[in-house]
Protein chains: 2
Amino acid sequence: MVDVFVHGAAQVRFGRTPERSIETMGQQAVIAALGDAGIDKADIDEVCCGNVLGGMLVGQRILRDLGMTGIAISNVENACSSGSSALREGYWAIRSGRAETVLVIGVEKMSVLGGGTLPLEVTDIEVAQGQVMPAVYAARARRYMAETGATVDDLGRVAVKARLNGSRNPYAHFQEPVSFETIMAGRMVADPLRLNMCCPTSDGAAAVVLSGRKPAYAGTPVRLAGTALKSGKYRTAPHDVTTGSLTKDTSRIAYEAAGIDPRDIGLCELHDAFAPAEIMYYEALGLCGRGEGASLLRNGDTAIDGRIPVNPGGGLLARGHALGATGVAQFAEAFDQMRRRAGARQVDRDVKVAVTHCTGGGISGVDHGACAVTVLVR
Amino acid sequence: MVDVFVHGAAQVRFGRTPERSIETMGQQAVIAALGDAGIDKADIDEVCCGNVLGGMLVGQRILRDLGMTGIAISNVENACSSGSSALREGYWAIRSGRAETVLVIGVEKMSVLGGGTLPLEVTDIEVAQGQVMPAVYAARARRYMAETGATVDDLGRVAVKARLNGSRNPYAHFQEPVSFETIMAGRMVADPLRLNMCCPTSDGAAAVVLSGRKPAYAGTPVRLAGTALKSGKYRTAPHDVTTGSLTKDTSRIAYEAAGIDPRDIGLCELHDAFAPAEIMYYEALGLCGRGEGASLLRNGDTAIDGRIPVNPGGGLLARGHALGATGVAQFAEAFDQMRRRAGARQVDRDVKVAVTHCTGGGISGVDHGACAVTVLVR
């Protein structure tokens, strides 16, 4: 089967901006991604758009005024993993020979349309009883700390790193660094999670151009070398809520598809919707062993100048979380880093393998509605 | 690439039933389709779910209580073509070798969640000014009648046929035949469209099992031989609103993929959201030539006992229209007819080639947000 090359990528600034429409944000990302790829809009064979809350035909509404309809457009919804799921569809459209060049869009406007974790009809008894996302992650954090010796200070350290990285990222929702002391004095959202340990709800968009043709840019091309998507098991029997088993399983499928080993990973954009998630997903993604997550963070291994930079763009905690946009923005960030054009937030190391990870929706402690992982190889 | 065989299919009764949840309807369809296929739930590799209005993770919410999560589940939104788009994803998951056996679900609950044609933020000036679907089809009907000699009586004949077929279909929303006189005396919705010339908004679900393996049932297996998806061009310049150009273009891609000619078609489930659509889409799908649609209908060629039965299940006008469910229900209907197990609504002829067609969303007279066509071959 054909290789899938990354030709171009772009993000718009994330933020709480009710004045920007979904269409405006999406169009801005699409125009920038096409320009980056140096690909004419007429060469796009197919479009996959990840979105959750925007209503009907979001991709079509974005592309209509760009004169880019008349081709196959699909809208994909998988909660927080919607953008990553759209990337997977784009990957397979090329792998299967259905299309040569595909545009993937992720977009969300949460300032007006979002804010809750409830579907329109609540049929989930756990959610109805208060097990919304901050509560789920707070409980997981407590258990994880008890088992591993990680501390509330470590949660603060995650937030400090995120906000420092975000302060160097012109696309981030939050662009001011925040001190450890300020974070630890922040308003309690769900004990032990304070305000800056929880991601904001953001508006934003990103777009990526993938193709079976080799890209024109100089240097070794970046490939989307593998993807994986998996839903959780929604287990109700007592189970370990601290190991991120869905993330572990999904990432291993993606790694195998890409032909990589976790030790090859040089950069990671992971789903830090809440600070404890970052530490737990270090382990689940295989960046370190069980119980070693806090050490990895404290050692500075995951800092921008560390051994395995994690969330150099600020992650969900600082770039922000715009559901359907997030996975595509993570991918654009990884691509920028691998191309060494990430400006003030450029990582030190030469990255040959990068991983992006989204997981979201659903409850039940660990298992989520959809986890999606992509592997970029240069 | 591997052939894609249809192993089983099922519909639930369509109707206005606020007491049925999306999960309940979806589960009923899934259980019935798996039973029909004789396939264990553990053999499903992947799931594609078409839905528009149900909120986040509809597929996961349906499958959770069936113990069927833990695999890749994607939710696809493409307005009225959501179910057909999900069928296309399932087809390609098998064709590409990503999965061997795929479950496709279509589901919608319009009685509680639906009812409008407006996205949550109205950015479409034509819709805001009243160009909602009945108005669009009314204008197209007037122009089509002026150009071809079709009459308002022909629109009534479409509705009579639909309601007669629906009266034989235990899954139909409307199961009573309605006389021509009653239809022509009905309440005017958008001149010349009277009440029974417009589809109802329905709740419903359907599911289909596809696999690269040959099915166990006796006789020649039914294949999903080709699919196509295309968005419209959203043209604003003056253009012909009577030829269904998007349907024409999309169907020809599907026919070519399946290796068929329009003259091979033995049965068709088409998108009769409004009575004039049926006549115009006869032409667009190639069942007859330009301006011959009304004759085809008057001759009885598209009746259940005709040469090319169209909408033997009652179509959107009688089975009802439950956005994301419709395309999958059309497919289940075509499968039942080809297997000669459609009971009182079984067509007379031995059907070797059947086509299903959905097109919806968007405005601008003719072009729609998404058109999807599937071709079944036995």
# chains A, B, ... in the order shown; residues from 1 in each chain; ligands from 1

call {"tool": "select_by_dssp", "arguments": {"residues": "stretch 154-187 of chain A", "states": "alpha helix (DSSP H)", "output": "list in words"}}
result
Asp154, Leu155, Gly156, Arg157, Val158, Ala159, Val160, Lys161, Ala162, Arg163, Leu164, Asn165, Gly166, Phe180, Glu181, Thr182, Ile183 and Met184 of chain A

call {"tool": "select_by_dssp", "arguments": {"residues": "stretch 160-335 of chain A", "states": "strand (DSSP E or B)", "output": "JSON, numbers by chain"}}
result
{"A": [188, 189, 190, 193, 194, 198, 201, 203, 204, 205, 206, 207, 208, 209, 210, 211, 223, 224, 225, 226, 227, 228, 229, 230, 267, 268, 269, 274, 310, 321]}

call {"tool": "residues_around", "arguments": {"residues": "B:Asp65", "least_positions_apart": "2", "cutoff": "10 Å", "atoms": "only C-alpha atoms", "output": "list of chain:residue names"}}
result
A:Tyr234, B:Glu23, B:Thr24, B:Gln27, B:Gln60, B:Arg61, B:Ile62, B:Leu63, B:Gly67, B:Met68, B:Thr69

call {"tool": "write_last_selection", "arguments": {"atoms": "C-alpha atoms", "output": "short mmCIF file (atom, residue, chain, number, x, y, z; two decimals), in the first residue's frame"}}
result
data_model
loop_
_atom_site.label_atom_id
_atom_site.label_comp_id
_atom_site.auth_asym_id
_atom_site.auth_seq_id
_atom_site.Cartn_x
_atom_site.Cartn_y
_atom_site.Cartn_z
CA TYR A 234 -16.97 0.73 29.50
CA GLU B 23 -29.85 3.52 22.32
CA THR B 24 -32.94 1.29 22.43
CA GLN B 27 -29.65 -1.92 19.96
CA GLN B 60 -20.59 3.89 21.52
CA ARG B 61 -23.75 4.60 23.53
CA ILE B 62 -25.67 2.01 21.49
CA LEU B 63 -22.98 -0.67 21.72
CA GLY B 67 -20.85 -5.43 25.40
CA MET B 68 -19.68 -4.54 21.90
CA THR B 69 -17.23 -1.72 22.57
#

call {"tool": "residues_around", "arguments": {"residues": "A:Gly324", "least_positions_apart": "4", "cutoff": "8 Å", "atoms": "only C-alpha atoms", "output": "PDB file with all heavy atoms, in the first residue's frame"}}
result
ATOM      1  N   GLY A  50     -13.338  16.713  11.407  1.00  0.00           N
ATOM      2  CA  GLY A  50     -13.678  16.309  12.762  1.00  0.00           C
ATOM      3  C   GLY A  50     -14.334  17.442  13.520  1.00  0.00           C
ATOM      4  O   GLY A  50     -13.790  18.540  13.603  1.00  0.00           O
ATOM      5  N   ASN A  51     -15.512  17.178  14.051  1.00  0.00           N
ATOM      6  CA  ASN A  51     -16.248  18.191  14.804  1.00  0.00           C
ATOM      7  C   ASN A  51     -17.266  17.490  15.689  1.00  0.00           C
ATOM      8  O   ASN A  51     -17.733  16.404  15.367  1.00  0.00           O
ATOM      9  CB  ASN A  51     -16.969  19.161  13.847  1.00  0.00           C
ATOM     10  CG  ASN A  51     -17.831  20.177  14.593  1.00  0.00           C
ATOM     11  OD1 ASN A  51     -19.025  19.978  14.793  1.00  0.00           O
ATOM     12  ND2 ASN A  51     -17.200  21.246  15.047  1.00  0.00           N
ATOM     13  N   VAL A  52     -17.628  18.142  16.807  1.00  0.00           N
ATOM     14  CA  VAL A  52     -18.606  17.535  17.715  1.00  0.00           C
ATOM     15  C   VAL A  52     -19.898  18.339  17.779  1.00  0.00           C
ATOM     16  O   VAL A  52     -20.986  17.801  17.627  1.00  0.00           O
ATOM     17  CB  VAL A  52     -18.012  17.406  19.144  1.00  0.00           C
ATOM     18  CG1 VAL A  52     -19.029  16.778  20.093  1.00  0.00           C
ATOM     19  CG2 VAL A  52     -16.733  16.583  19.117  1.00  0.00           C
ATOM     20  N   GLU A  77     -17.452  12.280  14.041  1.00  0.00           N
ATOM     21  CA  GLU A  77     -17.631  12.665  15.442  1.00  0.00           C
ATOM     22  C   GLU A  77     -17.165  11.521  16.327  1.00  0.00           C
ATOM     23  O   GLU A  77     -17.639  10.400  16.194  1.00  0.00           O
ATOM     24  CB  GLU A  77     -19.105  12.993  15.726  1.00  0.00           C
ATOM     25  CG  GLU A  77     -19.343  13.640  17.079  1.00  0.00           C
ATOM     26  CD  GLU A  77     -19.347  12.651  18.252  1.00  0.00           C
ATOM     27  OE1 GLU A  77     -19.963  11.587  18.128  1.00  0.00           O
ATOM     28  OE2 GLU A  77     -18.729  12.965  19.289  1.00  0.00           O
ATOM     29  N   ALA A  79     -16.169  12.492  19.947  1.00  0.00           N
ATOM     30  CA  ALA A  79     -15.876  13.297  21.138  1.00  0.00           C
ATOM     31  C   ALA A  79     -14.487  13.934  20.997  1.00  0.00           C
ATOM     32  O   ALA A  79     -14.152  14.437  19.927  1.00  0.00           O
ATOM     33  CB  ALA A  79     -16.021  12.464  22.406  1.00  0.00           C
ATOM     34  N   CYS A  80     -13.674  13.897  22.058  1.00  0.00           N
ATOM     35  CA  CYS A  80     -12.361  14.550  22.038  1.00  0.00           C
ATOM     36  C   CYS A  80     -11.451  14.000  20.960  1.00  0.00           C
ATOM     37  O   CYS A  80     -10.462  14.628  20.604  1.00  0.00           O
ATOM     38  CB  CYS A  80     -11.666  14.389  23.390  1.00  0.00           C
ATOM     39  SG  CYS A  80     -12.585  15.082  24.759  1.00  0.00           S
ATOM     40  N   SER A  81     -11.734  12.809  20.463  1.00  0.00           N
ATOM     41  CA  SER A  81     -10.890  12.186  19.443  1.00  0.00           C
ATOM     42  C   SER A  81     -11.425  12.419  18.031  1.00  0.00           C
ATOM     43  O   SER A  81     -10.983  11.747  17.086  1.00  0.00           O
ATOM     44  CB  SER A  81     -10.783  10.681  19.712  1.00  0.00           C
ATOM     45  OG  SER A  81     -10.281  10.441  21.003  1.00  0.00           O
ATOM     46  N   SER A  82     -12.330  13.359  17.853  1.00  0.00           N
ATOM     47  CA  SER A  82     -12.938  13.577  16.534  1.00  0.00           C
ATOM     48  C   SER A  82     -11.899  13.977  15.489  1.00  0.00           C
ATOM     49  O   SER A  82     -11.899  13.460  14.363  1.00  0.00           O
ATOM     50  CB  SER A  82     -14.024  14.654  16.626  1.00  0.00           C
ATOM     51  OG  SER A  82     -15.063  14.236  17.483  1.00  0.00           O
ATOM     52  N   GLY A  83     -11.011  14.906  15.841  1.00  0.00           N
ATOM     53  CA  GLY A  83      -9.997  15.347  14.882  1.00  0.00           C
ATOM     54  C   GLY A  83      -9.037  14.219  14.525  1.00  0.00           C
ATOM     55  O   GLY A  83      -8.681  14.027  13.356  1.00  0.00           O
ATOM     56  N   GLY A 106     -10.016  19.916  11.533  1.00  0.00           N
ATOM     57  CA  GLY A 106     -10.592  19.784  12.866  1.00  0.00           C
ATOM     58  C   GLY A 106     -11.061  21.152  13.296  1.00  0.00           C
ATOM     59  O   GLY A 106     -10.330  22.143  13.123  1.00  0.00           O
ATOM     60  N   VAL A 107     -12.258  21.246  13.843  1.00  0.00           N
ATOM     61  CA  VAL A 107     -12.785  22.575  14.198  1.00  0.00           C
ATOM     62  C   VAL A 107     -13.786  22.445  15.331  1.00  0.00           C
ATOM     63  O   VAL A 107     -14.493  21.441  15.437  1.00  0.00           O
ATOM     64  CB  VAL A 107     -13.430  23.248  12.953  1.00  0.00           C
ATOM     65  CG1 VAL A 107     -14.642  22.486  12.473  1.00  0.00           C
ATOM     66  CG2 VAL A 107     -13.772  24.717  13.205  1.00  0.00           C
ATOM     67  N   GLU A 108     -13.822  23.441  16.193  1.00  0.00           N
ATOM     68  CA  GLU A 108     -14.827  23.442  17.258  1.00  0.00           C
ATOM     69  C   GLU A 108     -15.029  24.866  17.757  1.00  0.00           C
ATOM     70  O   GLU A 108     -14.089  25.646  17.824  1.00  0.00           O
ATOM     71  CB  GLU A 108     -14.383  22.576  18.433  1.00  0.00           C
ATOM     72  CG  GLU A 108     -15.526  22.006  19.255  1.00  0.00           C
ATOM     73  CD  GLU A 108     -16.255  20.894  18.523  1.00  0.00           C
ATOM     74  OE1 GLU A 108     -15.611  19.881  18.146  1.00  0.00           O
ATOM     75  OE2 GLU A 108     -17.471  21.032  18.310  1.00  0.00           O
ATOM     76  N   VAL A 328      -6.186  17.473  15.425  1.00  0.00           N
ATOM     77  CA  VAL A 328      -5.539  17.985  14.215  1.00  0.00           C
ATOM     78  C   VAL A 328      -4.495  19.037  14.587  1.00  0.00           C
ATOM     79  O   VAL A 328      -3.421  19.113  13.979  1.00  0.00           O
ATOM     80  CB  VAL A 328      -6.589  18.537  13.221  1.00  0.00           C
ATOM     81  CG1 VAL A 328      -5.925  18.956  11.917  1.00  0.00           C
ATOM     82  CG2 VAL A 328      -7.665  17.493  12.952  1.00  0.00           C
TER      83      VAL A 328
END

call {"tool": "atom_distance", "arguments": {"atom1": "atom CA of B:Gly291", "atom2": "atom CA of B:Ala318"}}
result
25.1 Å

call {"tool": "residues_around", "arguments": {"residues": "B:Ala329", "least_positions_apart": "4", "cutoff": "8 Å", "atoms": "only C-alpha atoms", "output": "JSON, numbers by chain"}}
result
{"B": [10, 11, 106, 205, 206, 207, 325, 333]}

call {"tool": "atom_distance", "arguments": {"atom1": "atom CA of B:Asp301", "atom2": "atom CA of B:Asp350"}}
result
14.9 Å

call {"tool": "interface_residues", "arguments": {"of": "chain B", "to": "chain A", "cutoff": "7 Å", "atoms": "only C-alpha atoms", "output": "PyMOL selection string"}}
result
chain B and resi 52+54-57+60+64+69-79+96+119-120+229-234+369

call {"tool": "write_last_selection", "arguments": {"atoms": "N, CA, C and O atoms", "output": "compact mmCIF listing (two decimals), in the first residue's frame"}}
result
# COMPACT_ATOMS: atom_id res chain seq x y z
N VAL B 52 -27.20 12.20 12.99
CA VAL B 52 -27.07 13.65 12.85
C VAL B 52 -27.28 14.37 14.18
O VAL B 52 -26.46 15.19 14.59
N GLY B 54 -28.04 13.18 17.48
CA GLY B 54 -28.07 12.47 18.75
C GLY B 54 -27.01 12.85 19.76
O GLY B 54 -26.95 12.26 20.83
N GLY B 55 -26.15 13.81 19.43
CA GLY B 55 -25.11 14.20 20.38
C GLY B 55 -23.86 13.34 20.23
O GLY B 55 -23.65 12.71 19.20
N MET B 56 -23.06 13.33 21.29
CA MET B 56 -21.75 12.69 21.21
C MET B 56 -21.83 11.18 21.26
O MET B 56 -22.65 10.61 21.95
N LEU B 57 -20.93 10.52 20.49
CA LEU B 57 -20.64 9.09 20.65
C LEU B 57 -21.89 8.21 20.57
O LEU B 57 -22.08 7.31 21.40
N GLN B 60 -21.09 4.45 20.26
CA GLN B 60 -20.59 3.89 21.52
C GLN B 60 -21.73 3.71 22.52
O GLN B 60 -21.78 2.70 23.24
N ARG B 64 -22.46 0.05 23.96
CA ARG B 64 -21.96 -0.13 25.32
C ARG B 64 -22.73 -1.23 26.07
O ARG B 64 -22.13 -2.14 26.63
N THR B 69 -18.28 -2.72 22.75
CA THR B 69 -17.23 -1.72 22.57
C THR B 69 -15.87 -2.39 22.73
O THR B 69 -15.78 -3.60 22.90
N GLY B 70 -14.81 -1.59 22.68
CA GLY B 70 -13.46 -2.15 22.73
C GLY B 70 -12.86 -2.29 21.34
O GLY B 70 -11.73 -2.75 21.19
N ILE B 71 -13.62 -1.92 20.32
CA ILE B 71 -13.14 -1.95 18.93
C ILE B 71 -13.23 -0.54 18.36
O ILE B 71 -13.66 0.39 19.05
N ALA B 72 -12.81 -0.36 17.12
CA ALA B 72 -12.91 0.96 16.49
C ALA B 72 -14.37 1.28 16.18
O ALA B 72 -15.06 0.50 15.53
N ILE B 73 -14.84 2.42 16.67
CA ILE B 73 -16.20 2.89 16.40
C ILE B 73 -16.08 4.32 15.89
O ILE B 73 -15.45 5.16 16.54
N SER B 74 -16.67 4.60 14.74
CA SER B 74 -16.68 5.96 14.20
C SER B 74 -18.10 6.43 13.99
O SER B 74 -18.94 5.64 13.55
N ASN B 75 -18.36 7.70 14.28
CA ASN B 75 -19.66 8.28 14.03
C ASN B 75 -19.56 9.25 12.86
O ASN B 75 -18.69 10.11 12.85
N VAL B 76 -20.45 9.08 11.88
CA VAL B 76 -20.37 9.84 10.64
C VAL B 76 -21.60 10.73 10.52
O VAL B 76 -22.71 10.27 10.76
N GLU B 77 -21.37 11.99 10.16
CA GLU B 77 -22.49 12.91 9.96
C GLU B 77 -22.41 13.50 8.56
O GLU B 77 -21.39 14.05 8.18
N ASN B 78 -23.46 13.34 7.80
CA ASN B 78 -23.55 13.96 6.47
C ASN B 78 -25.02 14.26 6.15
O ASN B 78 -25.51 13.92 5.07
N ALA B 79 -25.72 14.87 7.11
CA ALA B 79 -27.13 15.21 6.96
C ALA B 79 -27.92 13.96 6.54
O ALA B 79 -27.69 12.89 7.09
N SER B 96 -10.02 -1.97 2.11
CA SER B 96 -8.63 -1.60 2.38
C SER B 96 -7.89 -2.65 3.19
O SER B 96 -6.68 -2.54 3.39
N PRO B 119 -28.97 24.89 11.38
CA PRO B 119 -27.87 24.54 12.29
C PRO B 119 -27.97 25.42 13.53
O PRO B 119 -28.75 26.37 13.58
N LEU B 120 -27.16 25.10 14.53
CA LEU B 120 -27.27 25.82 15.80
C LEU B 120 -26.93 27.30 15.64
O LEU B 120 -27.49 28.15 16.31
N LEU B 229 -19.69 8.93 -2.78
CA LEU B 229 -20.11 10.07 -1.95
C LEU B 229 -19.58 11.32 -2.60
O LEU B 229 -18.43 11.37 -3.03
N LYS B 230 -20.42 12.33 -2.65
CA LYS B 230 -20.01 13.59 -3.26
C LYS B 230 -20.79 14.72 -2.60
O LYS B 230 -21.96 14.55 -2.26
N SER B 231 -20.12 15.84 -2.43
CA SER B 231 -20.84 17.04 -1.99
C SER B 231 -21.23 17.86 -3.21
O SER B 231 -20.65 17.70 -4.28
N GLY B 232 -22.21 18.73 -3.04
CA GLY B 232 -22.65 19.57 -4.15
C GLY B 232 -21.74 20.77 -4.33
O GLY B 232 -20.88 21.05 -3.50
N LYS B 233 -21.98 21.48 -5.41
CA LYS B 233 -21.10 22.63 -5.71
C LYS B 233 -21.63 23.93 -5.11
O LYS B 233 -20.99 24.95 -5.20
N TYR B 234 -22.81 23.89 -4.49
CA TYR B 234 -23.40 25.08 -3.87
C TYR B 234 -23.34 26.28 -4.83
O TYR B 234 -22.91 27.36 -4.45
N GLY B 369 -25.59 19.12 0.32
CA GLY B 369 -24.37 18.95 1.10
C GLY B 369 -23.68 17.62 0.85
O GLY B 369 -22.46 17.54 0.84

call {"tool": "residues_around", "arguments": {"residues": "A:Cys199", "least_positions_apart": "3", "cutoff": "12 Å", "atoms": "only C-alpha atoms", "output": "JSON, numbers by chain"}}
result
{"A": [15, 115, 133, 134, 137, 158, 159, 162, 163, 172, 173, 174, 189, 193, 194, 195, 196, 202, 271, 272, 273, 274, 275, 276, 277, 278, 314, 315, 316, 317, 318, 319, 320, 321, 322, 323, 326]}
